[in-house]
Each structure stands twice: as C-alpha cells, then as structure tokens.
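Listing of data-v2.txt; format and content: compact mmCIF, C-alpha atoms and all ligand atoms.
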# COMPACT_ATOMS: atom_id res chain seq x y z
CA MET B 4 1.84 -90.86 -79.76
CA SER B 5 0.91 -91.47 -81.68
CA VAL B 6 -0.91 -93.79 -84.06
CA TYR B 7 -1.76 -97.03 -82.28
CA THR B 8 -4.69 -97.88 -84.56
CA SER B 9 -4.22 -97.51 -88.31
CA ILE B 10 -7.25 -96.58 -90.37
CA SER B 11 -7.89 -97.02 -94.07
CA ALA B 12 -8.89 -94.42 -96.65
CA SER B 13 -12.33 -96.05 -96.90
CA GLU B 14 -12.83 -95.66 -93.12
CA VAL B 15 -11.93 -91.97 -93.43
CA GLN B 16 -14.29 -91.69 -96.41
CA SER B 17 -17.15 -93.09 -94.27
CA ILE B 18 -16.47 -90.48 -91.58
CA ILE B 19 -16.46 -87.73 -94.19
CA GLU B 20 -19.86 -88.94 -95.39
CA ILE B 21 -21.32 -89.20 -91.87
CA TYR B 22 -20.35 -85.57 -91.20
CA GLN B 23 -21.19 -84.43 -94.75
CA LEU B 24 -17.73 -82.95 -95.30
CA ALA B 25 -17.03 -84.19 -98.83
CA PRO B 26 -14.93 -83.84 -100.88
CA PHE B 27 -12.11 -85.44 -98.96
CA ILE B 28 -8.54 -84.34 -99.80
CA GLY B 29 -6.29 -86.56 -97.66
CA TYR B 30 -5.41 -87.78 -94.19
CA THR B 31 -2.30 -88.31 -92.13
CA GLY B 32 -1.42 -89.67 -88.65
CA ILE B 33 -0.46 -87.09 -86.00
CA SER B 34 2.70 -88.03 -84.13
CA ALA B 35 2.14 -85.75 -81.10
CA GLY B 36 0.28 -86.99 -78.02
CA ILE B 37 0.72 -90.26 -76.21
CA GLU B 38 -2.64 -91.73 -75.24
CA ASN B 39 -4.98 -91.63 -78.22
CA THR B 40 -4.66 -92.08 -81.96
CA ASN B 41 -5.15 -88.81 -83.86
CA TYR B 42 -5.49 -88.26 -87.60
CA LEU B 43 -5.52 -84.95 -89.44
CA ILE B 44 -8.22 -85.09 -92.13
CA LYS B 45 -8.20 -82.52 -94.91
CA THR B 46 -11.40 -81.75 -96.76
CA ALA B 47 -12.54 -78.98 -99.08
CA GLN B 48 -14.52 -77.67 -96.08
CA GLY B 49 -11.47 -77.37 -93.84
CA ASP B 50 -9.18 -79.46 -91.63
CA PHE B 51 -10.43 -81.80 -88.90
CA VAL B 52 -8.88 -84.02 -86.25
CA LEU B 53 -10.24 -87.52 -85.82
CA THR B 54 -9.47 -88.95 -82.37
CA LEU B 55 -9.71 -92.68 -81.73
CA TYR B 56 -9.88 -93.41 -78.02
CA GLU B 57 -7.50 -96.19 -77.09
CA HIS B 58 -8.30 -96.46 -73.38
CA PHE B 59 -11.96 -95.55 -73.06
CA ASN B 60 -15.07 -97.39 -74.07
CA ALA B 61 -17.93 -95.42 -75.63
CA GLN B 62 -19.70 -94.93 -72.30
CA GLU B 63 -16.53 -93.67 -70.57
CA ILE B 64 -15.74 -91.05 -73.20
CA VAL B 65 -19.18 -89.39 -73.19
CA PRO B 66 -18.59 -87.23 -70.06
CA TYR B 67 -15.38 -85.81 -71.60
CA LEU B 68 -17.15 -84.94 -74.85
CA ASP B 69 -19.97 -83.34 -72.84
CA LEU B 70 -17.39 -81.30 -70.92
CA LEU B 71 -15.82 -80.09 -74.18
CA ARG B 72 -19.22 -79.19 -75.63
CA GLN B 73 -20.00 -77.11 -72.54
CA LEU B 74 -16.58 -75.43 -72.55
CA ALA B 75 -16.91 -74.52 -76.22
CA GLU B 76 -19.63 -72.06 -75.22
CA HIS B 77 -17.00 -70.09 -73.26
CA ALA B 78 -14.04 -69.77 -75.64
CA SER B 79 -13.07 -70.63 -79.21
CA TYR B 80 -9.80 -72.31 -78.18
CA TYR B 81 -11.53 -75.38 -76.69
CA PRO B 82 -11.78 -78.37 -79.08
CA VAL B 83 -15.47 -78.87 -79.75
CA PRO B 84 -16.63 -82.29 -80.96
CA LEU B 85 -18.73 -82.13 -84.13
CA ALA B 86 -22.25 -83.56 -84.23
CA ASP B 87 -23.43 -85.67 -87.17
CA ALA B 88 -26.86 -85.31 -88.81
CA GLN B 89 -28.38 -87.41 -85.98
CA TYR B 90 -26.76 -85.10 -83.38
CA LYS B 91 -24.34 -87.88 -82.39
CA TYR B 92 -20.83 -86.91 -81.21
CA LEU B 93 -19.42 -90.36 -80.94
CA GLN B 94 -18.70 -92.87 -83.74
CA ILE B 95 -17.02 -96.25 -83.82
CA VAL B 96 -13.99 -96.32 -86.17
CA ALA B 97 -11.79 -99.42 -86.54
CA GLY B 98 -13.55 -100.83 -83.48
CA LYS B 99 -12.60 -97.82 -81.32
CA PRO B 100 -14.82 -95.01 -80.00
CA ALA B 101 -14.00 -91.91 -82.03
CA ALA B 102 -14.92 -88.23 -82.31
CA LEU B 103 -14.25 -85.57 -84.92
CA PHE B 104 -13.02 -82.08 -84.01
CA LYS B 105 -12.44 -78.95 -86.01
CA CYS B 106 -8.66 -78.55 -86.34
CA LEU B 107 -7.71 -75.57 -84.19
CA PRO B 108 -5.10 -73.20 -85.65
CA GLY B 109 -1.66 -72.63 -84.21
CA LYS B 110 1.33 -74.59 -82.97
CA SER B 111 2.66 -75.56 -79.56
CA VAL B 112 5.67 -73.53 -78.40
CA GLN B 113 8.92 -74.58 -76.76
CA GLN B 114 10.54 -71.18 -76.08
CA VAL B 115 7.86 -69.34 -74.13
CA THR B 116 7.61 -65.54 -74.07
CA PRO B 117 6.28 -63.66 -71.00
CA GLU B 118 3.13 -62.84 -73.01
CA GLN B 119 2.59 -66.54 -73.69
CA HIS B 120 3.11 -67.35 -69.98
CA GLN B 121 0.47 -64.76 -69.19
CA ALA B 122 -1.90 -66.12 -71.84
CA VAL B 123 -1.71 -69.70 -70.61
CA ALA B 124 -2.06 -68.60 -66.97
CA LYS B 125 -5.20 -66.62 -67.82
CA ALA B 126 -6.62 -69.49 -69.87
CA LEU B 127 -6.09 -71.82 -66.91
CA ALA B 128 -7.71 -69.38 -64.46
CA SER B 129 -10.66 -68.88 -66.87
CA PHE B 130 -11.04 -72.64 -67.16
CA HIS B 131 -11.15 -72.95 -63.35
CA LEU B 132 -13.78 -70.23 -63.14
CA GLN B 133 -15.86 -71.45 -66.10
CA SER B 134 -15.78 -75.11 -65.15
CA SER B 135 -17.05 -74.45 -61.62
CA GLY B 136 -20.55 -74.18 -63.13
CA LEU B 137 -20.27 -77.37 -65.23
CA ALA B 138 -21.42 -80.90 -64.57
CA PHE B 139 -18.35 -83.19 -64.53
CA ARG B 140 -17.39 -85.31 -61.57
CA LYS B 141 -14.51 -87.62 -62.49
CA ARG B 142 -12.17 -88.38 -59.64
CA ASN B 143 -8.40 -88.02 -60.14
CA THR B 144 -7.13 -91.50 -60.99
CA ARG B 145 -3.52 -90.23 -60.60
CA ASP B 146 -4.01 -89.10 -57.00
CA ILE B 147 -1.77 -89.69 -54.01
CA ALA B 148 -3.16 -93.24 -53.55
CA TRP B 149 -2.16 -94.02 -57.18
CA ILE B 150 1.26 -92.47 -56.55
CA GLN B 151 1.77 -94.76 -53.54
CA ASP B 152 0.60 -97.82 -55.44
CA ILE B 153 2.71 -97.20 -58.54
CA ALA B 154 5.74 -96.25 -56.44
CA THR B 155 5.60 -99.71 -54.83
CA GLN B 156 5.52 -101.35 -58.28
CA ILE B 157 8.27 -99.20 -59.79
CA SER B 158 10.66 -98.87 -56.89
CA PRO B 159 12.33 -102.29 -57.46
CA HIS B 160 13.30 -101.12 -60.97
CA LEU B 161 15.02 -97.96 -59.69
CA SER B 162 18.56 -97.39 -58.47
CA ALA B 163 18.97 -97.43 -54.68
CA GLN B 164 19.40 -93.65 -54.76
CA ASP B 165 16.24 -92.99 -56.79
CA SER B 166 14.25 -95.42 -54.73
CA ALA B 167 15.34 -93.63 -51.52
CA LEU B 168 14.42 -90.27 -53.08
CA LEU B 169 10.96 -91.56 -54.00
CA GLU B 170 10.39 -93.01 -50.53
CA ASP B 171 11.51 -89.81 -48.82
CA GLU B 172 9.31 -87.65 -51.05
CA LEU B 173 6.30 -89.89 -50.48
CA GLY B 174 6.85 -89.55 -46.73
CA PHE B 175 6.88 -85.75 -47.15
CA GLN B 176 3.73 -85.77 -49.27
CA LEU B 177 1.82 -88.02 -46.88
CA LYS B 178 2.56 -85.62 -44.01
CA HIS B 179 0.63 -82.88 -45.83
CA GLN B 180 -3.14 -83.16 -45.80
CA THR B 181 -4.51 -81.13 -48.70
CA GLN B 182 -8.23 -81.94 -48.91
CA HIS B 183 -9.14 -78.57 -47.41
CA LEU B 184 -7.75 -76.68 -50.43
CA ARG B 185 -10.20 -75.29 -52.99
CA GLN B 186 -11.27 -77.87 -55.53
CA GLY B 187 -13.04 -77.97 -58.88
CA ILE B 188 -12.57 -79.36 -62.37
CA ILE B 189 -8.91 -79.37 -63.36
CA HIS B 190 -7.26 -80.07 -66.72
CA ALA B 191 -4.45 -82.00 -65.00
CA ASP B 192 -2.14 -82.16 -68.05
CA LEU B 193 -1.72 -78.62 -69.38
CA PHE B 194 1.77 -79.14 -70.77
CA LYS B 195 3.15 -76.99 -73.58
CA ASP B 196 2.26 -79.66 -76.14
CA ASN B 197 -1.40 -79.34 -75.17
CA VAL B 198 -1.60 -75.62 -75.94
CA LEU B 199 -1.54 -73.99 -79.38
CA PHE B 200 -0.50 -70.43 -80.18
CA THR B 201 -0.70 -68.28 -83.26
CA GLY B 202 1.96 -65.71 -82.40
CA LEU B 203 1.07 -64.50 -78.92
CA ARG B 204 -2.61 -65.52 -79.19
CA LEU B 205 -3.63 -68.76 -77.50
CA THR B 206 -5.68 -70.65 -80.09
CA GLY B 207 -5.95 -74.18 -78.67
CA MET B 208 -6.25 -75.88 -75.28
CA LEU B 209 -6.22 -79.62 -75.94
CA ASP B 210 -6.32 -83.05 -74.36
CA PHE B 211 -8.88 -82.99 -71.54
CA TYR B 212 -8.81 -86.77 -71.11
CA VAL B 213 -7.30 -86.77 -67.61
CA ALA B 214 -9.48 -83.82 -66.50
CA CYS B 215 -10.90 -84.55 -63.09
CA TYR B 216 -12.15 -83.06 -59.85
CA ASP B 217 -9.23 -82.09 -57.62
CA CYS B 218 -7.41 -79.10 -56.10
CA TYR B 219 -6.97 -76.12 -58.43
CA LEU B 220 -3.49 -75.85 -56.98
CA LEU B 221 -2.52 -79.21 -58.44
CA ASP B 222 -3.45 -77.92 -61.91
CA ILE B 223 -1.40 -74.78 -61.34
CA ALA B 224 1.60 -76.84 -60.18
CA ILE B 225 1.39 -79.27 -63.13
CA THR B 226 1.26 -76.33 -65.54
CA LEU B 227 4.09 -74.37 -63.87
CA ASN B 228 6.33 -77.46 -63.87
CA ASP B 229 6.21 -77.69 -67.65
CA TRP B 230 5.96 -74.02 -68.62
CA CYS B 231 8.64 -72.60 -66.32
CA ILE B 232 11.56 -74.83 -67.30
CA ASP B 233 14.16 -74.07 -69.95
CA GLN B 234 15.54 -76.56 -72.49
CA HIS B 235 17.92 -77.95 -69.83
CA GLY B 236 15.07 -78.53 -67.37
CA GLN B 237 16.09 -75.57 -65.17
CA TYR B 238 13.10 -74.14 -63.31
CA SER B 239 12.62 -70.36 -63.37
CA HIS B 240 11.04 -68.67 -60.33
CA ALA B 241 10.90 -65.44 -62.33
CA GLN B 242 8.66 -67.15 -64.90
CA GLN B 243 6.61 -68.65 -62.08
CA ALA B 244 6.02 -65.12 -60.75
CA VAL B 245 4.88 -63.87 -64.18
CA PHE B 246 2.51 -66.83 -64.50
CA LEU B 247 1.02 -66.47 -61.01
CA ALA B 248 0.51 -62.73 -61.33
CA ALA B 249 -1.43 -63.25 -64.58
CA TYR B 250 -3.45 -66.16 -63.13
CA GLN B 251 -4.38 -64.04 -60.13
CA GLN B 252 -5.74 -61.25 -62.28
CA LEU B 253 -8.69 -63.62 -62.76
CA ARG B 254 -8.63 -65.96 -59.76
CA GLU B 255 -6.74 -65.09 -56.60
CA LEU B 256 -4.91 -67.81 -54.68
CA ASP B 257 -5.99 -67.82 -51.03
CA GLN B 258 -3.47 -68.01 -48.17
CA GLN B 259 -3.66 -71.79 -47.93
CA GLU B 260 -3.06 -72.19 -51.66
CA GLN B 261 -0.02 -69.90 -51.48
CA LYS B 262 1.32 -71.92 -48.54
CA TYR B 263 0.86 -75.31 -50.24
CA LEU B 264 2.23 -74.42 -53.68
CA PRO B 265 5.72 -75.87 -52.93
CA VAL B 266 4.14 -79.16 -51.78
CA PHE B 267 2.11 -79.40 -54.99
CA LEU B 268 5.03 -78.52 -57.25
CA ARG B 269 6.81 -81.53 -55.74
CA ARG B 270 3.70 -83.75 -55.89
CA ALA B 271 3.21 -82.94 -59.57
CA CYS B 272 6.85 -84.01 -60.16
CA ILE B 273 6.43 -87.48 -58.66
CA ARG B 274 3.12 -87.96 -60.48
CA PHE B 275 4.80 -87.47 -63.88
CA TRP B 276 8.12 -89.05 -62.90
CA LEU B 277 6.18 -92.22 -62.08
CA SER B 278 3.78 -92.15 -65.04
CA ARG B 279 6.70 -91.70 -67.43
CA LEU B 280 8.60 -94.53 -65.75
CA GLU B 281 5.50 -96.68 -66.03
CA HIS B 282 5.19 -95.93 -69.76
CA GLN B 283 8.87 -96.82 -70.16
CA LEU B 284 8.45 -100.13 -68.33
CA ASN B 285 5.30 -101.05 -70.27
CA PRO B 286 5.77 -99.60 -73.76
CA LYS B 287 2.74 -99.65 -76.04
CA ALA B 288 2.92 -100.92 -79.62
CA GLY B 289 1.97 -98.55 -82.43
CA GLU B 290 2.82 -97.35 -85.91
CA MET B 291 4.27 -94.06 -84.50
CA THR B 292 4.94 -93.81 -80.79
CA GLN B 293 6.55 -91.27 -78.47
CA GLU B 294 8.41 -91.68 -75.25
CA LYS B 295 8.85 -88.98 -72.62
CA ASP B 296 11.88 -88.70 -70.39
CA PRO B 297 11.17 -89.54 -66.71
CA GLU B 298 14.51 -88.04 -65.58
CA ARG B 299 13.21 -84.54 -66.36
CA PHE B 300 10.75 -84.84 -63.48
CA LYS B 301 13.21 -86.43 -61.09
CA ASN B 302 15.61 -83.55 -61.74
CA LEU B 303 12.84 -81.00 -61.29
CA LEU B 304 11.82 -82.65 -58.02
CA LEU B 305 15.42 -82.31 -56.81
CA GLN B 306 15.39 -78.60 -57.75
CA HIS B 307 12.15 -77.97 -55.85
CA ARG B 308 13.43 -79.87 -52.79
CA HIS B 309 16.66 -77.89 -52.83
CA PHE B 310 14.78 -74.59 -53.16
CA ASP B 311 12.48 -75.52 -50.24
CA SER B 312 15.46 -76.41 -48.07
CA LEU B 313 16.77 -72.86 -48.53
CA GLN B 314 13.51 -71.20 -47.39
N1 LIG N 1 -8.70 -80.07 -82.24
C1 LIG N 1 -7.40 -80.10 -82.56
N2 LIG N 1 -6.88 -79.14 -83.33
C2 LIG N 1 -5.57 -79.15 -83.69
N3 LIG N 1 -4.71 -80.12 -83.34
C3 LIG N 1 -5.16 -81.11 -82.55
C4 LIG N 1 -6.53 -81.16 -82.12
N4 LIG N 1 -6.67 -82.26 -81.35
C5 LIG N 1 -5.48 -82.87 -81.32
N5 LIG N 1 -4.57 -82.19 -82.04
C6 LIG N 1 -3.16 -82.56 -82.29
O1 LIG N 1 -2.98 -83.89 -81.87
C7 LIG N 1 -1.99 -83.96 -80.85
C8 LIG N 1 -2.37 -85.04 -79.86
O2 LIG N 1 -3.62 -84.73 -79.26
P1 LIG N 1 -3.87 -85.05 -77.73
O3 LIG N 1 -5.30 -84.79 -77.42
O4 LIG N 1 -2.83 -84.32 -76.91
O5 LIG N 1 -3.56 -86.61 -77.72
P2 LIG N 1 -3.13 -87.63 -76.58
O6 LIG N 1 -4.32 -87.74 -75.68
O7 LIG N 1 -2.83 -88.86 -77.32
O8 LIG N 1 -1.91 -87.07 -75.83
C9 LIG N 1 -1.93 -82.59 -80.25
O9 LIG N 1 -0.67 -82.33 -79.68
C10 LIG N 1 -2.17 -81.71 -81.49
O10 LIG N 1 -0.99 -81.62 -82.24
N1 LIG N 2 1.84 -84.81 -70.43
C1 LIG N 2 2.24 -86.10 -69.91
C2 LIG N 2 1.63 -87.19 -70.72
C3 LIG N 2 0.28 -87.65 -70.21
O1 LIG N 2 0.47 -88.35 -69.04
P1 LIG N 2 -0.50 -89.54 -68.55
O2 LIG N 2 0.16 -90.10 -67.35
O3 LIG N 2 -1.81 -88.89 -68.22
O4 LIG N 2 -0.58 -90.53 -69.67
C4 LIG N 2 3.78 -86.22 -69.92
O5 LIG N 2 4.41 -85.39 -70.59
O6 LIG N 2 4.31 -87.11 -69.27
With the file now loaded, output its structure as structure tokens.
Ligand SMILES: Nc1ncnc2c1ncn2[C@@H]1O[C@H](COP(=O)(O)OP(=O)(O)O)[C@@H](O)[C@H]1O
Ligand SMILES: N[C@@H](CCOP(=O)(O)O)C(=O)O
Amino acid sequence: MSVYTSISASEVQSIIEIYQLAPFIGYTGISAGIENTNYLIKTAQGDFVLTLYEHFNAQEIVPYLDLLRQLAEHASYYPVPLADAQYKYLQIVAGKPAALFKCLPGKSVQQVTPEQHQAVAKALASFHLQSSGLAFRKRNTRDIAWIQDIATQISPHLSAQDSALLEDELGFQLKHQTQHLRQGIIHADLFKDNVLFTGLRLTGMLDFYVACYDCYLLDIAITLNDWCIDQHGQYSHAQQAVFLAAYQQLRELDQQEQKYLPVFLRRACIRFWLSRLEHQLNPKAGEMTQEKDPERFKNLLLQHRHFDSLQ
C-alpha cells in the first residue's frame, strides 16, 4: 500500500498543531508500501510522513519507535520519529496508533549501479554492527516454523508442481540447522523500495516493522535476492560479489556464514513466495492498495536451486 485508513484534513490539522508545524500546506496518501498507511504532509516547515499502524497496537509499536530513535544517533538516513511538546512519539489518529517522521530525501531505484550496490551493502553491514549494542529483542515471526505452517495452509491452493517444489524445498531447509550462525538485530525486509537514494548517496533506509532478532545471514540473503535481480527476475552472481565485497569491508562473513549463504538465499525465497501468496489469497481492503507478484520468488528459488545443483 497503501492507504487503508483515510484521514480528514481536520485530523491532519490536529497533528500539525500537536507538533507545532503550522502552517499546513497539504497532504496526500502514499501509494508505496504494503503494511501501513502513510501520508505525505507538507508544511511551511518542511515535509513529513505520517504513518498509521494497521497491524500493531500502541504497546506493540513502541519497541520499533525506540529502535528508530536509537538508530538515528548513528546515521541521518534512518527515519527518526518526531517527539511532540510532551516528548511523546506516538499519537492516535483515526483510531490507529500513529507516528510522524521527517520526510527523508531521495527516491528508490530500480536499475541499480555498482556504487548503489556498494552503498546498500555498507548500510546493511553498519546496521548490523550498530544494532548489536541496542536493546531490541523481537523474535522473527516469519521464521522456519511460520514457513512450515503457512506452507500447509497454502499448498492446497497451488498447482501440483508448485506444491511439490515447496515440499521439496522445505525438506531441504529442515535438514539444515542454522541456529549456530551469528545473530543480531536484522532489518528483514531491505528491498529496493525500502531504500532511498539521491544520486549515488543513500539517503533513506525505511520500514523497520519486521525487524527482529535472527541470523545476519538471513538479512544478507533477503537483501541480495531483491537487489541482484534484473527486470526479468534474473539473478546476477556478479552483482552478488560486488555487494558481498562491500559488506565485508565493514563486517566479514565467517566460514560458516559463507557456507550457508546458498541455503539462506533459498530460505528467503520461500519466505517471500509464501507471504506474497498469502497476501494474494487474503487481499486487504483499502483506498489504494498494492499487490506483489509471488511468482518472482518461485522463479528465483528455481534459479538458486539450479545454481546449487551445478556446484
Ligand atoms: N521517513 C520517510 N521519508 C520519506 N518517505 C517515506 C518515509 N517513510 C515512508 N516513506 C514512503 O512511504 C512508503 C511506504 O513506507 P513503508 O514504511 O515501506 O510502509 P509499509 O510498512 O506499508 O510497507 C515508502 O516506500 C516511502 O515511499
Ligand atoms: N517487501 C515485501 C513486503 C513485506 O512483506 P511482509 O510479508 O513482511 O508483509 C515483499 O516485497 O513481498
């Protein structure tokens, strides 16, 4: 998405007053994103993004806002929630928990240059290093147990061929124990649409709402799977090499992480294949909504499996 919850001009006006940002110029729904409702609010004091949380209650969202506040001390590209005059970060807007962020400059990219691959790899490595000192202990709700559970629900809706592929891949994943790999706070959704660039400079790292405690390698695999494909979904090992070399300038992968990368590239594919299928089966109503293609991740899984079979 998306705009699931519509807000009125008077609701925006109240927010402007709470944050003392008057005069207000205008507001518009943001179509990008799929989980929350986002509005761009223009004021004479600059542009802001109002996020209404669709799936969290006020208590659940606090740890994410705390994480963002802590990260903001490390780099300007993290979205920092604004505090009101009472030092509150969280408001209730149209019955939903909401927070206001400074609008970060830049745009997400589709055609990625080597410099941009390097920039995102370094930002991810920095995040892994910086977050190791931060207090945030959410478990990964999209872990292998979730994959198994959702695969059981979705399998009956798949073709016999896709269902067999899913079952075979699950069998492969379950054979690989991965708890011994290095863990910390991971972003878990660092797709191209969650990163902003102004030219070659990375200016925004967005959407930390599935951040969790899990293997760093999973974060690397999720990011590679979106950043190293072309417009036809063809994975590039040359781009992967550029990304990993830049990442390792800041945080070196140990031997076990190098060994398990192919397993995690495949695991990250079924995680998003299934979540996209789930969104397709249970579409959410909204004023503007977006759907993402599950086939992209099935096809990428097939590419990774084929590549592994050649090794
Ligand atoms: N602080 C921000 N600065 C600039 N743009 C933002 C900011 N926060 C969100 N956006 C815009 O809103 C879109 C959706 O935000 P995101 O957090 O990814 O939502 P969702 O959780 O719904 O996927 C982003 O792709 C970006 O275009
Ligand atoms: N980036 C994801 C969207 C977020 O996935 P979710 O399962 O955490 O809602 C995608 O492109 O599928």
Distance query Ser135 in chain B at most 12 Å, only C-alpha atoms, self and fewer than 5 positions along chain excluded, as a VMD selection string: chain B and resid 70 73 to 74 128 to 130 140 185 to 189 215 to 217 219
Based on the selection just made, write C-alpha atoms of those residues as a PDB file, in the coordinates of the input.
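Now in selection_8.pdb:
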ATOM      1  CA  LEU B  70     -17.390 -81.300 -70.920  1.00  0.00           C
ATOM      2  CA  GLN B  73     -20.000 -77.110 -72.540  1.00  0.00           C
ATOM      3  CA  LEU B  74     -16.580 -75.430 -72.550  1.00  0.00           C
ATOM      4  CA  ALA B 128      -7.710 -69.380 -64.460  1.00  0.00           C
ATOM      5  CA  SER B 129     -10.660 -68.880 -66.870  1.00  0.00           C
ATOM      6  CA  PHE B 130     -11.040 -72.640 -67.160  1.00  0.00           C
ATOM      7  CA  ARG B 140     -17.390 -85.310 -61.570  1.00  0.00           C
ATOM      8  CA  ARG B 185     -10.200 -75.290 -52.990  1.00  0.00           C
ATOM      9  CA  GLN B 186     -11.270 -77.870 -55.530  1.00  0.00           C
ATOM     10  CA  GLY B 187     -13.040 -77.970 -58.880  1.00  0.00           C
ATOM     11  CA  ILE B 188     -12.570 -79.360 -62.370  1.00  0.00           C
ATOM     12  CA  ILE B 189      -8.910 -79.370 -63.360  1.00  0.00           C
ATOM     13  CA  CYS B 215     -10.900 -84.550 -63.090  1.00  0.00           C
ATOM     14  CA  TYR B 216     -12.150 -83.060 -59.850  1.00  0.00           C
ATOM     15  CA  ASP B 217      -9.230 -82.090 -57.620  1.00  0.00           C
ATOM     16  CA  TYR B 219      -6.970 -76.120 -58.430  1.00  0.00           C
TER      17      TYR B 219
END
Residues contacting ligand LIG 2 (chain N) - anything with an atom at most 10 Å away, using all atoms listed in the file - can you give me those as a PyMOL selection string? chain B and resi 4+36-39+144-145+191-197+210-214+225-226+229+272+274-282+294-297+299-300
Considering all atoms listed in the file, can you say which of B:Thr8, B:Gln48, B:Thr54, B:Thr201 comes closest to ligand LIG 1 (chain N)?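 Looking only at the distances to ligand LIG 1 (chain N), the closest residue turns out to be B:Thr54.
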List every residue of chain B that has an atom at most 9 Å from any atom of ligand LIG 1 (chain N), giving for each one its closest atom pair and the distance in Å to one decimal, counting all atoms listed in the file, sorted by chain and then by ascending residue number, as CSV.
residue,atom,partner,partner_atom,distance
B:Met4,CA,N:LIG1,O7,5.6
B:Ser5,CA,N:LIG1,O7,6.3
B:Val6,CA,N:LIG1,O7,8.6
B:Ile33,CA,N:LIG1,O1,5.8
B:Ser34,CA,N:LIG1,C7,7.0
B:Ala35,CA,N:LIG1,C7,4.5
B:Gly36,CA,N:LIG1,O8,3.1
B:Ile37,CA,N:LIG1,O7,4.0
B:Glu38,CA,N:LIG1,O7,3.5
B:Asn39,CA,N:LIG1,O7,3.6
B:Thr40,CA,N:LIG1,O7,5.9
B:Asn41,CA,N:LIG1,O1,5.7
B:Tyr42,CA,N:LIG1,O1,7.6
B:Leu43,CA,N:LIG1,N3,7.8
B:Asp50,CA,N:LIG1,N2,8.6
B:Phe51,CA,N:LIG1,N1,7.1
B:Val52,CA,N:LIG1,C4,5.5
B:Leu53,CA,N:LIG1,N4,7.8
B:Thr54,CA,N:LIG1,N4,7.3
B:Tyr56,CA,N:LIG1,O6,8.3
B:Glu57,CA,N:LIG1,O7,8.7
B:Tyr80,CA,N:LIG1,N1,8.8
B:Tyr81,CA,N:LIG1,N1,7.8
B:Pro82,CA,N:LIG1,N1,4.7
B:Val83,CA,N:LIG1,N1,7.3
B:Pro84,CA,N:LIG1,N1,8.3
B:Leu103,CA,N:LIG1,N1,8.3
B:Phe104,CA,N:LIG1,N1,5.1
B:Lys105,CA,N:LIG1,N1,5.4
B:Cys106,CA,N:LIG1,N2,3.5
B:Leu107,CA,N:LIG1,N2,3.8
B:Pro108,CA,N:LIG1,C2,6.3
B:Gly109,CA,N:LIG1,C2,7.6
B:Lys110,CA,N:LIG1,O10,7.4
B:Ser111,CA,N:LIG1,O9,7.5
B:Lys195,CA,N:LIG1,O9,9.0
B:Asp196,CA,N:LIG1,O9,5.3
B:Asn197,CA,N:LIG1,O9,5.5
B:Val198,CA,N:LIG1,O9,7.7
B:Leu199,CA,N:LIG1,C2,7.8
B:Gly207,CA,N:LIG1,N2,6.9
B:Met208,CA,N:LIG1,N1,8.5
B:Leu209,CA,N:LIG1,O3,5.5
B:Asp210,CA,N:LIG1,O3,3.7
B:Phe211,CA,N:LIG1,O3,7.1
B:Tyr212,CA,N:LIG1,O6,6.5
B:Val213,CA,N:LIG1,O6,8.7
Leaving out Ala86 in chain B and any residue of its chain fewer than 2 positions from it, which residues lie within 12 Å of it when counting only C-alpha atoms, given as a ChimeraX atom specification? /B:18,21-24,68-69,72,83-84,88-94,101-105
Near Pro100 in chain B, counting only C-alpha atoms, which residues have an atom at most 10 Å away, once you skip same-chain residues fewer than 3 positions from it, shown as a ChimeraX atom specification? /B:54-65,93-97
What is the CA of Lys45 in chain B to CA of Gly29 in chain B distance in Å?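 About the pair CA of Lys45 in chain B and CA of Gly29 in chain B: they are 5.2 Å apart.
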Calculate how many Å separate CA of Leu264 in chain B from CA of Phe200 in chain B, rounding to one decimal. 26.9 Å
Dump as number ranges by chain all residues having an atom at most 12 Å from (-8.2, -78.9, -47.5), computed in the file's coordinates with only C-alpha atoms. B: 179-186, 217-220, 257-260, 262-263
In Å, rounded to a single decimal, give me how far CA of Lys287 in chain B is from CA of Ile157 in chain B.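 Rounded to one decimal, the two atoms are 17.2 Å apart.
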Name all residues at most 10 Å from Gln306 in chain B (count all atoms listed in the file; drop same-chain ones fewer than 3 positions away) and give them as a ChimeraX atom specification. /B:236-238,269,300-303,309-312
Got a sec: who's within 12 Å of Asp171 in chain B, counting only C-alpha atoms, leaving out chain neighbours fewer than 2 positions off, as a short mmCIF file (atom, residue, chain, number, x, y, z; two decimals) with C-alpha atoms, in the coordinates of the input?
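Writing the result to selection.cif gives the following:
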data_model
loop_
_atom_site.label_atom_id
_atom_site.label_comp_id
_atom_site.auth_asym_id
_atom_site.auth_seq_id
_atom_site.Cartn_x
_atom_site.Cartn_y
_atom_site.Cartn_z
CA GLN B 151 1.77 -94.76 -53.54
CA ALA B 154 5.74 -96.25 -56.44
CA GLN B 164 19.40 -93.65 -54.76
CA ASP B 165 16.24 -92.99 -56.79
CA SER B 166 14.25 -95.42 -54.73
CA ALA B 167 15.34 -93.63 -51.52
CA LEU B 168 14.42 -90.27 -53.08
CA LEU B 169 10.96 -91.56 -54.00
CA LEU B 173 6.30 -89.89 -50.48
CA GLY B 174 6.85 -89.55 -46.73
CA PHE B 175 6.88 -85.75 -47.15
CA GLN B 176 3.73 -85.77 -49.27
CA LEU B 177 1.82 -88.02 -46.88
CA LYS B 178 2.56 -85.62 -44.01
CA ARG B 269 6.81 -81.53 -55.74
CA ILE B 273 6.43 -87.48 -58.66
CA LEU B 304 11.82 -82.65 -58.02
CA LEU B 305 15.42 -82.31 -56.81
CA ARG B 308 13.43 -79.87 -52.79
#
From the list B:Leu161, B:Val112, B:Leu268, B:Leu205, which residue is nearest Ser79 in chain B when using all atoms listed in the file?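 Under the stated criterion, the closest residue is B:Leu205.
Of the residues under consideration (B:Leu227, B:Ile10, B:Leu85, B:Leu313), B:Leu227 shows the shortest atom-to-atom contact distance to Ser239 in chain B when counting only C-alpha atoms.
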